[in-house]
Number of protein chains: 2
Amino acid sequence: MIVRVDTAVNPQSELPQLHQRLQTHLEQLLPCGQQADQVRAAMRAGTLAPGKRIRPLLLLLAAHDMGCDSRQPGLLDLACAVEMVHAASLILDDIPSMDNAQMRRGRPTVHCEFGENVAILAAIALVSRAFEVIAVAPGLAAQRKSDAIAELSAAVGLQGLVQGQFQDLHDGAHARSAEAIELTNELKTSVLFRATLQMAAIAANASPTVRQNLRSFAQDLGLAFQLLDDLTDGDKYTGKDRHQDQGKSTLVAMLGAEGAERRLRDHLRSADAHLACACHRGMATRQYMHALFNQQLARRN
Amino acid sequence: MIVRVDTAVNPQSELPQLHQRLQTHLEQLLPCGQQADQVRAAMRAGTLAPGKRIRPLLLLLAAHDMGCDSRQPGLLDLACAVEMVHAASLILDDIPSMDNAQMRRGRPTVHCEFGENVAILAAIALVSRAFEVIAVAPGLAAQRKSDAIAELSAAVGLQGLVQGQFQDLHDGAHARSAEAIELTNELKTSVLFRATLQMAAIAANASPTVRQNLRSFAQDLGLAFQLLDDLTDGDKYTGKDRHQDQGKSTLVAMLGAEGAERRLRDHLRSADAHLACACHRGMATRQYMHALFNQQLARRN
């Protein structure tokens with residue numbers, strides 16, 4: 001494989017443009033409908049509300065670091081498909097029979113705005129739309145499409161988001177070992193990062209070794225993220241209900257804030273090492289990851 | 001295209017075997033897990049409970065009628081993927097915030113047995129698993145995989161099941177025109193039949209003309225089915241809650257049972273004509289369809 005590095009582009013300085021391209025593409029993939037089309041409105045509200053777009057940005061940056069041109073056909077579709085699955089998972093996590101949350105991204109949650117049944121239907125439609133977007137992506141080879149769909153679908157189900165949410169709901173209220181909490185966190189967060197990075201690798205036609213390194217990177221990154229999420233649970237600026245984790249067995253409750261932050265930094269260091277093995281040349285993913293964590297942790301302290 | 005007709009097999013007489021093959025394959029695709037794995041148990045309960053398996057049988061029979069060998073690699077995977085999407089839609093239709101049904105296929109509904117949040121998670125996992133099954137189907141060409149996923153995903157979302165369920169929930173309680181009811185019925189039933197038959201056509205590499213005829217067939221078949229479903233709403237043997245449609249604007253409420261049955265037979269005749277244009281040689285689909293409707297209608301009278 002010839003690794004091309006797109007030296008004309010510095011993705012870190014172009015983050016705002018990448019963010020805007022993602023937003024525009026998501027808007028196009030989820031167009032406005034008639035006013036009566038509440039499910040469509042709920043899908044748009046759950047997906048298009050301002051967010052950090054961490055997963056799709058990660059996909060674009062990792063693909064860049066593996067030598068993809070950022071305008072390679074299909075790349076933006078893969079990135080938006082991941083964001084749709086993520087948005088669907090947030091809509092469902094918030095409904096009354098799950099976390100019963102009222103606020104998300106600084107706005108009323110989808111079920112608060114549109115009703116519970118519309119929220120559930122919107123989540124199903126988003127998951128399905130994500131696979132459709134990949135299946136019909138212009139300019140993406142059929143083999144890459146089915147490989148990407150295999151990765152993404154595996155991240156949703158019994159080895160991924162669904163199982164993570166189930167474990168969190170049913171075991172979160174009891175005392176758990178650190179290992180059990182970490183396994184849940186992995187299912188809730190690492191597996192979608194893993195699919196995201198595997199989809200970047202598929203687009204970049206990366207080697208099996210690179211793909212293995214990216215899997216290890218995703219594992220650490222997801223665990224670091226879940227720790228960050230738990231650490232900021234009481235904070236104002238998250239746009240979510242505060243103190244959702246009260247009474248829940250989390251690593252923060254177990255290790256204390258300092259211990260959890262230490263563990264977070266361990267995962268970041270390990271993530272860094274795996275990423276360096278996966279992408280020797282590009283630094284965009286690494287820079288993005290560090291900037292993001294530093295910003296969030298600084299905001300906290 | 002060379003149309004091969006598998007004359008050694010008479011699928012009509014082999015329906016019990018096809019049914020068994022589907023059941024065995026569904027079991028393999030949704031294997032047992034540990035006892036604590038409630039979501040997996042709910043997925044299995046919602047999918048493996050005895051059912052008529054109309055959609056997957058239709059896929060296998062239509063593929064046969066278009067010249068496919070019934071053991072062609074991937075065919076059974078496509079059929080099972082359709083059944084998983086159908087099972088997911090039934091689980092969701094039954095939950096408290098939708099139809100709040102207690103019985104389905106003669107057993108307690110999935111949310112009654114496993115709780116509402118597990119039911120919702122199982123539905124999401126089934127939809128996702130359906131796409132995964134197609135994406136990793138052994139022996140199916142990548143182009144056929146992505147074509148089949150495009151058809152199936154389109155049938156789930158805003159132009160399909162999700163929109164049909166939304167319209168039914170939000171408009172069903174009000175007076176509606178026959179056209180509005182028929183449009184909802186189309187979304188609730190015809191679109192998944194359409195995807196089912198298009199997936200058979202993809203497996204059989206059918207011509208665009210055949211595919212167009214199958215679309216028209218699916219349209220009529222879906223409307224006939226929804227009429228049958230509404231006509232049998234008060235009947236005991238359906239295994240579902242009786243009189244779910246009470247107070248709902250259905251074609252049966254509007255046209256009376258006789259008028260609705262007349263319209264059903266009109267749709268069946270039209271379905272027949274389209275099917276004859278699509279598959280000149282094979283008769284398996286036609287025989288199956290007639291036997292099924294005759295049996296259900298006879299049981300009713």
# chains A, B, ... in the order shown; residues from 1 in each chain; ligands from 1

$ select_by_dssp --residues "region 151-187 of chain A" --states "helix (DSSP H, G or I)" --output "list in words"
Glu151, Leu152, Ser153, Ala154, Ala155, Val156, Leu161, Val162, Gln163, Gly164, Gln165, Phe166, Gln167, Asp168, Leu169, His170, Asp171, Ala178, Glu179, Ala180, Ile181, Glu182, Leu183, Thr184, Asn185, Glu186 and Leu187 of chain A

$ write_last_selection --atoms "N, CA and C atoms" --output "PDB file, in the first residue's frame"
ATOM      1  N   GLU A 151     -18.825  -3.754  10.249  1.00  0.00           N
ATOM      2  CA  GLU A 151     -18.210  -3.131  11.435  1.00  0.00           C
ATOM      3  C   GLU A 151     -19.235  -2.342  12.243  1.00  0.00           C
ATOM      4  N   LEU A 152     -20.007  -1.517  11.554  1.00  0.00           N
ATOM      5  CA  LEU A 152     -20.934  -0.627  12.261  1.00  0.00           C
ATOM      6  C   LEU A 152     -22.065  -1.416  12.926  1.00  0.00           C
ATOM      7  N   SER A 153     -22.588  -2.413  12.215  1.00  0.00           N
ATOM      8  CA  SER A 153     -23.704  -3.169  12.790  1.00  0.00           C
ATOM      9  C   SER A 153     -23.238  -3.962  14.012  1.00  0.00           C
ATOM     10  N   ALA A 154     -22.010  -4.474  13.957  1.00  0.00           N
ATOM     11  CA  ALA A 154     -21.493  -5.220  15.108  1.00  0.00           C
ATOM     12  C   ALA A 154     -21.372  -4.316  16.338  1.00  0.00           C
ATOM     13  N   ALA A 155     -21.149  -3.009  16.104  1.00  0.00           N
ATOM     14  CA  ALA A 155     -20.974  -2.077  17.224  1.00  0.00           C
ATOM     15  C   ALA A 155     -22.299  -1.701  17.881  1.00  0.00           C
ATOM     16  N   VAL A 156     -23.416  -1.967  17.208  1.00  0.00           N
ATOM     17  CA  VAL A 156     -24.714  -1.558  17.747  1.00  0.00           C
ATOM     18  C   VAL A 156     -25.281  -2.598  18.713  1.00  0.00           C
ATOM     19  N   LEU A 161     -23.319  -1.239  21.733  1.00  0.00           N
ATOM     20  CA  LEU A 161     -24.119  -0.220  22.416  1.00  0.00           C
ATOM     21  C   LEU A 161     -25.309  -0.794  23.171  1.00  0.00           C
ATOM     22  N   VAL A 162     -26.054  -1.704  22.519  1.00  0.00           N
ATOM     23  CA  VAL A 162     -27.253  -2.256  23.137  1.00  0.00           C
ATOM     24  C   VAL A 162     -26.902  -2.997  24.428  1.00  0.00           C
ATOM     25  N   GLN A 163     -25.873  -3.816  24.367  1.00  0.00           N
ATOM     26  CA  GLN A 163     -25.473  -4.575  25.562  1.00  0.00           C
ATOM     27  C   GLN A 163     -24.922  -3.645  26.633  1.00  0.00           C
ATOM     28  N   GLY A 164     -24.182  -2.620  26.231  1.00  0.00           N
ATOM     29  CA  GLY A 164     -23.654  -1.651  27.188  1.00  0.00           C
ATOM     30  C   GLY A 164     -24.778  -0.936  27.918  1.00  0.00           C
ATOM     31  N   GLN A 165     -25.772  -0.508  27.172  1.00  0.00           N
ATOM     32  CA  GLN A 165     -26.899   0.191  27.779  1.00  0.00           C
ATOM     33  C   GLN A 165     -27.662  -0.735  28.725  1.00  0.00           C
ATOM     34  N   PHE A 166     -27.838  -1.997  28.305  1.00  0.00           N
ATOM     35  CA  PHE A 166     -28.534  -2.968  29.159  1.00  0.00           C
ATOM     36  C   PHE A 166     -27.778  -3.161  30.476  1.00  0.00           C
ATOM     37  N   GLN A 167     -26.476  -3.376  30.377  1.00  0.00           N
ATOM     38  CA  GLN A 167     -25.674  -3.600  31.592  1.00  0.00           C
ATOM     39  C   GLN A 167     -25.720  -2.389  32.507  1.00  0.00           C
ATOM     40  N   ASP A 168     -25.650  -1.208  31.903  1.00  0.00           N
ATOM     41  CA  ASP A 168     -25.679   0.016  32.683  1.00  0.00           C
ATOM     42  C   ASP A 168     -27.008   0.148  33.433  1.00  0.00           C
ATOM     43  N   LEU A 169     -28.104  -0.156  32.736  1.00  0.00           N
ATOM     44  CA  LEU A 169     -29.434  -0.034  33.335  1.00  0.00           C
ATOM     45  C   LEU A 169     -29.648  -1.064  34.436  1.00  0.00           C
ATOM     46  N   HIS A 170     -29.203  -2.293  34.171  1.00  0.00           N
ATOM     47  CA  HIS A 170     -29.565  -3.376  35.069  1.00  0.00           C
ATOM     48  C   HIS A 170     -28.544  -3.663  36.150  1.00  0.00           C
ATOM     49  N   ASP A 171     -27.287  -3.271  35.916  1.00  0.00           N
ATOM     50  CA  ASP A 171     -26.261  -3.548  36.930  1.00  0.00           C
ATOM     51  C   ASP A 171     -25.726  -2.271  37.558  1.00  0.00           C
ATOM     52  N   ALA A 178     -14.436  -3.123  39.551  1.00  0.00           N
ATOM     53  CA  ALA A 178     -13.876  -2.185  38.570  1.00  0.00           C
ATOM     54  C   ALA A 178     -13.861  -2.827  37.184  1.00  0.00           C
ATOM     55  N   GLU A 179     -13.606  -4.141  37.137  1.00  0.00           N
ATOM     56  CA  GLU A 179     -13.554  -4.840  35.834  1.00  0.00           C
ATOM     57  C   GLU A 179     -14.926  -4.841  35.175  1.00  0.00           C
ATOM     58  N   ALA A 180     -15.968  -5.088  35.999  1.00  0.00           N
ATOM     59  CA  ALA A 180     -17.326  -5.122  35.436  1.00  0.00           C
ATOM     60  C   ALA A 180     -17.715  -3.743  34.909  1.00  0.00           C
ATOM     61  N   ILE A 181     -17.354  -2.694  35.656  1.00  0.00           N
ATOM     62  CA  ILE A 181     -17.666  -1.326  35.196  1.00  0.00           C
ATOM     63  C   ILE A 181     -16.924  -1.041  33.898  1.00  0.00           C
ATOM     64  N   GLU A 182     -15.660  -1.438  33.857  1.00  0.00           N
ATOM     65  CA  GLU A 182     -14.859  -1.180  32.664  1.00  0.00           C
ATOM     66  C   GLU A 182     -15.401  -1.937  31.441  1.00  0.00           C
ATOM     67  N   LEU A 183     -15.902  -3.135  31.676  1.00  0.00           N
ATOM     68  CA  LEU A 183     -16.474  -3.896  30.558  1.00  0.00           C
ATOM     69  C   LEU A 183     -17.715  -3.186  30.007  1.00  0.00           C
ATOM     70  N   THR A 184     -18.552  -2.670  30.904  1.00  0.00           N
ATOM     71  CA  THR A 184     -19.725  -1.919  30.471  1.00  0.00           C
ATOM     72  C   THR A 184     -19.306  -0.663  29.699  1.00  0.00           C
ATOM     73  N   ASN A 185     -18.311   0.046  30.249  1.00  0.00           N
ATOM     74  CA  ASN A 185     -17.831   1.264  29.577  1.00  0.00           C
ATOM     75  C   ASN A 185     -17.305   0.963  28.182  1.00  0.00           C
ATOM     76  N   GLU A 186     -16.630  -0.165  28.066  1.00  0.00           N
ATOM     77  CA  GLU A 186     -16.088  -0.591  26.771  1.00  0.00           C
ATOM     78  C   GLU A 186     -17.233  -0.767  25.762  1.00  0.00           C
ATOM     79  N   LEU A 187     -18.299  -1.462  26.216  1.00  0.00           N
ATOM     80  CA  LEU A 187     -19.437  -1.701  25.326  1.00  0.00           C
ATOM     81  C   LEU A 187     -20.157  -0.400  24.991  1.00  0.00           C
TER      82      LEU A 187
END

$ interface_residues --of "chain B" --to "chain A" --cutoff "7 Å" --atoms "only C-alpha atoms" --output "list in words"
Ser97, Met98, Glu116, Asn117, Leu121, Ile124, Ala125, Ser128, Arg129, Phe131, Glu132, Ala135, Val136, Ala142, Gln143, Lys145, Ser146, Asp147, Ile149, Ala150, Ser153, Ala154, Val156, Gly157, Leu158 and Val162 of chain B

$ residues_around --residues "region 276-278 of chain A" --least-positions-apart "6" --cutoff "8 Å" --atoms "only C-alpha atoms" --output "mmCIF file with N, CA, C and O atoms, in the first residue's frame"
data_model
loop_
_atom_site.group_PDB
_atom_site.id
_atom_site.type_symbol
_atom_site.label_atom_id
_atom_site.label_comp_id
_atom_site.auth_asym_id
_atom_site.auth_seq_id
_atom_site.Cartn_x
_atom_site.Cartn_y
_atom_site.Cartn_z
ATOM 1 N N THR A 209 -2.246 -5.115 10.312
ATOM 2 C CA THR A 209 -1.508 -4.650 11.494
ATOM 3 C C THR A 209 -2.013 -3.285 11.936
ATOM 4 O O THR A 209 -2.217 -3.029 13.128
ATOM 5 N N VAL A 210 -2.171 -2.397 10.968
ATOM 6 C CA VAL A 210 -2.687 -1.063 11.288
ATOM 7 C C VAL A 210 -4.070 -1.193 11.920
ATOM 8 O O VAL A 210 -4.377 -0.540 12.923
ATOM 9 N N ARG A 211 -4.887 -2.062 11.347
ATOM 10 C CA ARG A 211 -6.253 -2.215 11.873
ATOM 11 C C ARG A 211 -6.226 -2.736 13.300
ATOM 12 O O ARG A 211 -7.027 -2.321 14.136
ATOM 13 N N ASN A 213 -3.797 -2.216 15.507
ATOM 14 C CA ASN A 213 -3.367 -1.099 16.355
ATOM 15 C C ASN A 213 -4.511 -0.114 16.593
ATOM 16 O O ASN A 213 -4.647 0.444 17.679
ATOM 17 N N LEU A 214 -5.321 0.086 15.585
ATOM 18 C CA LEU A 214 -6.447 1.012 15.741
ATOM 19 C C LEU A 214 -7.487 0.453 16.710
ATOM 20 O O LEU A 214 -8.145 1.198 17.435
#

$ closest_residue --among "B:Ala273, B:Leu227, B:Ala200, B:Ala257" --to "Met66 (chain B)" --atoms "only C-alpha atoms"
B:Ala200

$ residues_around --residues "Phe193 (chain A)" --least-positions-apart "6" --cutoff "8 Å" --atoms "only C-alpha atoms" --output "number ranges by chain"
A: 55, 218-219, 221-222

$ select_by_dssp --residues "region 54-276 of chain B" --states "strand (DSSP E)" --output "PyMOL selection string"
chain B and resi 103-104+107-108

$ write_last_selection --atoms "C-alpha atoms" --output "CSV table (one decimal), in the first residue's frame"
chain,number,residue,atom,x,y,z
B,103,MET,CA,-50.4,-11.1,23.5
B,104,ARG,CA,-48.6,-11.9,20.2
B,107,ARG,CA,-47.6,-15.7,24.0
B,108,PRO,CA,-47.0,-12.7,26.2

$ residues_around --residues "Glu258 (chain A)" --least-positions-apart "4" --cutoff "12 Å" --atoms "only C-alpha atoms" --output "list in words"
Leu227, Leu228, Leu231, Leu251, Val252, Ala253, Met254, Arg262, Arg263, Leu264, Arg265, Leu297 and Asn301 of chain A

$ write_last_selection --atoms "C-alpha atoms" --output "PDB file, in the first residue's frame"
ATOM      1  CA  LEU A 227     -14.081   8.371  32.504  1.00  0.00           C
ATOM      2  CA  LEU A 228     -14.257  11.953  31.234  1.00  0.00           C
ATOM      3  CA  LEU A 231     -15.910  12.986  35.829  1.00  0.00           C
ATOM      4  CA  LEU A 251     -15.220   4.274  38.438  1.00  0.00           C
ATOM      5  CA  VAL A 252     -15.370   7.840  39.767  1.00  0.00           C
ATOM      6  CA  ALA A 253     -17.467   6.661  42.718  1.00  0.00           C
ATOM      7  CA  MET A 254     -14.991   3.842  43.279  1.00  0.00           C
ATOM      8  CA  ARG A 262      -5.079   9.314  36.796  1.00  0.00           C
ATOM      9  CA  ARG A 263      -6.616   6.277  35.156  1.00  0.00           C
ATOM     10  CA  LEU A 264      -7.912   8.477  32.335  1.00  0.00           C
ATOM     11  CA  ARG A 265      -4.404   9.799  31.671  1.00  0.00           C
ATOM     12  CA  LEU A 297     -10.281  18.584  31.663  1.00  0.00           C
ATOM     13  CA  ASN A 301     -10.703  22.111  37.064  1.00  0.00           C
TER      14      ASN A 301
END

$ closest_residue --among "B:Arg242, B:His19, B:Arg105, B:His267" --to "Leu223 (chain B)" --atoms "only C-alpha atoms"
B:His267

$ atom_distance --atom1 "CA of Ala203 (chain A)" --atom2 "CA of Leu60 (chain A)"
9.8 Å

$ atom_distance --atom1 "CA of Arg21 (chain A)" --atom2 "CA of Met84 (chain A)"
15.2 Å

$ atom_distance --atom1 "CA of Pro50 (chain A)" --atom2 "CA of Pro138 (chain A)"
26.5 Å

$ decode --residues "region 52-70 of chain A" --atoms "N, CA, C and O atoms" --output "compact mmCIF listing (two decimals), in the first residue's frame"
# COMPACT_ATOMS: atom_id res chain seq x y z
N LYS A 52 -20.19 17.95 19.45
CA LYS A 52 -18.75 18.00 19.17
C LYS A 52 -18.39 17.20 17.92
O LYS A 52 -17.35 17.40 17.34
N ARG A 53 -19.26 16.26 17.52
CA ARG A 53 -19.01 15.42 16.32
C ARG A 53 -17.70 14.66 16.44
O ARG A 53 -16.92 14.57 15.49
N ILE A 54 -17.44 14.15 17.63
CA ILE A 54 -16.15 13.50 17.90
C ILE A 54 -15.93 12.30 16.99
O ILE A 54 -14.87 12.15 16.38
N ARG A 55 -16.96 11.42 16.87
CA ARG A 55 -16.76 10.20 16.09
C ARG A 55 -16.55 10.47 14.60
O ARG A 55 -15.58 9.96 14.02
N PRO A 56 -17.41 11.27 13.97
CA PRO A 56 -17.15 11.51 12.54
C PRO A 56 -15.85 12.28 12.29
O PRO A 56 -15.15 12.00 11.29
N LEU A 57 -15.49 13.21 13.19
CA LEU A 57 -14.21 13.91 13.00
C LEU A 57 -13.05 12.93 13.12
O LEU A 57 -12.11 12.96 12.33
N LEU A 58 -13.16 12.03 14.09
CA LEU A 58 -12.13 11.01 14.29
C LEU A 58 -11.99 10.15 13.03
O LEU A 58 -10.87 9.82 12.62
N LEU A 59 -13.09 9.81 12.43
CA LEU A 59 -13.05 9.00 11.21
C LEU A 59 -12.31 9.76 10.10
O LEU A 59 -11.41 9.21 9.45
N LEU A 60 -12.66 11.02 9.92
CA LEU A 60 -12.03 11.80 8.85
C LEU A 60 -10.55 12.02 9.13
O LEU A 60 -9.72 11.90 8.22
N LEU A 61 -10.21 12.32 10.39
CA LEU A 61 -8.81 12.60 10.72
C LEU A 61 -7.96 11.33 10.63
O LEU A 61 -6.84 11.36 10.11
N ALA A 62 -8.50 10.23 11.13
CA ALA A 62 -7.73 8.97 11.07
C ALA A 62 -7.54 8.56 9.60
O ALA A 62 -6.45 8.10 9.22
N ALA A 63 -8.57 8.72 8.79
CA ALA A 63 -8.44 8.39 7.36
C ALA A 63 -7.36 9.27 6.73
O ALA A 63 -6.53 8.80 5.94
N HIS A 64 -7.37 10.54 7.09
CA HIS A 64 -6.33 11.46 6.60
C HIS A 64 -4.95 10.97 7.02
O HIS A 64 -4.02 10.89 6.20
N ASP A 65 -4.83 10.60 8.29
CA ASP A 65 -3.52 10.16 8.80
C ASP A 65 -3.07 8.86 8.13
O ASP A 65 -1.89 8.54 8.14
N MET A 66 -4.03 8.11 7.58
CA MET A 66 -3.64 6.88 6.86
C MET A 66 -3.49 7.13 5.36
O MET A 66 -3.39 6.18 4.58
N GLY A 67 -3.52 8.40 4.97
CA GLY A 67 -3.22 8.73 3.57
C GLY A 67 -4.41 9.00 2.68
O GLY A 67 -4.25 9.17 1.47
N CYS A 68 -5.61 9.03 3.23
CA CYS A 68 -6.79 9.35 2.40
C CYS A 68 -6.87 10.84 2.15
O CYS A 68 -6.64 11.64 3.05
N ASP A 69 -7.27 11.18 0.96
CA ASP A 69 -7.65 12.55 0.67
C ASP A 69 -8.97 12.80 1.40
O ASP A 69 -9.86 11.96 1.37
N SER A 70 -9.09 13.94 2.05
CA SER A 70 -10.29 14.18 2.86
C SER A 70 -11.54 14.28 2.00
O SER A 70 -12.66 14.23 2.51
